[in-house]
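Q: Here you go, one structure.
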Amino acid sequence: MLDFEKEFYSENVKIIVGVDEAGRGPLCGPVVAACCILPKDYKNEHINDSKKLTEKKREIVYKEILANAIDYGIGIVSPERIDVINIYQATKEAMLLAIKNLKHDYDLVLTDAMKLDIENKKVIDIIKGDAKCECIAAASIIAKVTRDRILIEYDKKYPEYGFKSHKGYGTKKHIEAIKKYGIIKGFHRETYEPIKSLLKENLIFEK
């Protein structure tokens with residue numbers, strides 16, 4: 001049962017925001033963060049760490065979360081930005097942007113093991129938070145579904161890369177496609193291996 005956040009509610013903490021991200025590891029696409037405010041007494045046994053749910057299940061739970069959430073926000077940081085500031089800083093940036101996009105006020109932020117500085121707000125980073133807190137797990141689902149949908153759109157434009165199946169991760173199929181068809185400028189992360197090395201060796205041509 002994901003109810004670790006229950007211990008943080010108090011007279012001064014009535015609204016809690018859960019924050020998580022998707023897309024730190026892939027070779028392409030943006031990193032997407034999401035935050036979510038769930039009603040204090042809301043309970044959905046299907047909400048779990050997004051990585052533990054099938055794609056079909058995530059889509060179903062995603063709709064349930066949006067239908068019941070008090071508020072949610074999404075932050076997207078581009079591959080070009082990731083290459084400039086590194087993925088750790090880009091993830092922080094995406095999380096802060098997601099929180100900034102909230103319309104509802106809040107008292108406390110819980111993150112999945114990411115330290116954030118937010119003026120006049122308390123932030124607690126929880127190791128494996130997406131496996132302990134329902135609000136963080138909900139945020140992870142929103143982030144994952146949002147990012148997957150971006151990759152599915154790219155799959156329609158560039159079907160030869162197989163984005164729909166691997167969502168940009170460095171699978172054998174993806175790497176073989178990069179070597180055969182080249183990088184997609186502005187979409188592949190040029191500071192990530194093996195793209196970085198292949199670019200140096202002039203084995204990849206910009207599309």
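In the structure tokens, the first chain shown is A, the next is B, and so on; residue numbers restart at 1 for each chain, and ligands run from 1 in the order shown.
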Enumerate as number ranges by chain all residues of region 10-102 of chain A assigned to helix (DSSP H, G or I) by DSSP on the backbone, naming them with the chain letters and numbers the document uses.
A: A: 50-52, 55-68, 79-85, 87-100
Q: Which residues are near Ile178 (chain A)? Cut-off 12 Å, only C-alpha atoms, ignore same chain within fewer than 2 positions. Put them as a ChimeraX atom specification.
A: /A:27-28,158,160-163,168-176,180-185,187-190,193-196,198-199,203-207
Q: Determine the nearest neighbour of Asp107 (chain A) from the options A:Asn120, A:Asn86, A:Asn48, A:Asn68, counting only C-alpha atoms.
A: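 Counting only C-alpha atoms, the residue closest to Asp107 (chain A) is A:Asn120.
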Q: Using only C-alpha atoms for the distances, tell me which of A:Val31, A:Ala143, A:Cys133, A:Leu108 is nearest to Arg81 (chain A).
A: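 Closest to Arg81 (chain A), using only C-alpha atoms: A:Val31.
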Q: Find the distance between CA of Glu153 (chain A) and CA of Asp49 (chain A) and write it in Å to one decimal.
A: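 It comes out at 23.9 Å.
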Q: Write out as a PyMOL selection string the residues lying within 9 Å of Pro39 (chain A), counting only C-alpha atoms and excluding same-chain residues fewer than 2 positions away.
A: chain A and resi 15-16+37+41-43+68-70
Q: How would the residues just chosen look if you wrote them out with C-alpha atoms as a short mmCIF file (atom, residue, chain, number, x, y, z; two decimals), in the first residue's frame?
A:
data_model
loop_
_atom_site.label_atom_id
_atom_site.label_comp_id
_atom_site.auth_asym_id
_atom_site.auth_seq_id
_atom_site.Cartn_x
_atom_site.Cartn_y
_atom_site.Cartn_z
CA ILE A 15 -2.03 19.79 0.51
CA ILE A 16 0.88 17.59 -0.63
CA ILE A 37 -1.94 16.66 -5.88
CA ASP A 41 -8.41 10.42 1.44
CA TYR A 42 -8.10 9.27 -2.18
CA LYS A 43 -6.96 5.69 -2.63
CA ASN A 68 -9.57 12.54 -9.45
CA ALA A 69 -6.54 14.80 -8.94
CA ILE A 70 -6.97 18.18 -7.28
#
Q: Can you work out the spacing between CA of Pro30 (chain A) and CA of Arg147 (chain A) in Å, to one decimal?
A: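 Computing the Euclidean distance for CA of Pro30 (chain A) and CA of Arg147 (chain A) yields 7.5 Å.
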Q: So which one's closest to Met114 (chain A), A:Asp3, A:Glu134, A:Asp83, A:Glu93? Using only C-alpha atoms, please.
A: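 That would be A:Glu93, the residue with the smallest distance to Met114 (chain A).
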Q: Set the distance at 8 Å and use only C-alpha atoms: which residues neighbour Val109 (chain A) once local chain neighbours fewer than 3 positions away are removed? I'd like the list as a short mmCIF file (atom, residue, chain, number, x, y, z; two decimals) with N, CA and C atoms, in the first residue's frame.
A:
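result-v7.cif, freshly written:
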data_model
loop_
_atom_site.label_atom_id
_atom_site.label_comp_id
_atom_site.auth_asym_id
_atom_site.auth_seq_id
_atom_site.Cartn_x
_atom_site.Cartn_y
_atom_site.Cartn_z
N ILE A 16 -0.44 18.14 -0.31
CA ILE A 16 0.88 17.59 -0.63
C ILE A 16 1.00 17.35 -2.13
N VAL A 17 2.15 17.73 -2.67
CA VAL A 17 2.45 17.52 -4.09
C VAL A 17 3.47 16.40 -4.23
N GLY A 18 3.19 15.43 -5.08
CA GLY A 18 4.17 14.39 -5.40
C GLY A 18 4.81 14.72 -6.75
N VAL A 19 6.12 14.51 -6.86
CA VAL A 19 6.84 14.85 -8.09
C VAL A 19 7.72 13.69 -8.54
N TYR A 106 -0.11 24.75 -2.37
CA TYR A 106 0.26 23.51 -1.69
C TYR A 106 1.14 23.84 -0.48
N LYS A 121 8.76 26.96 0.46
CA LYS A 121 8.08 25.67 0.48
C LYS A 121 9.04 24.59 0.98
N LYS A 122 8.52 23.68 1.78
CA LYS A 122 9.33 22.57 2.25
C LYS A 122 9.30 21.44 1.23
N VAL A 123 10.49 20.88 0.95
CA VAL A 123 10.62 19.78 0.00
C VAL A 123 11.31 18.61 0.70
N ILE A 124 10.75 17.43 0.60
CA ILE A 124 11.36 16.23 1.16
C ILE A 124 11.61 15.23 0.04
#
Q: In Å, rounded to a single decimal, give me how far CA of Ala94 (chain A) is from CA of Ser78 (chain A).
A: 9.4 Å
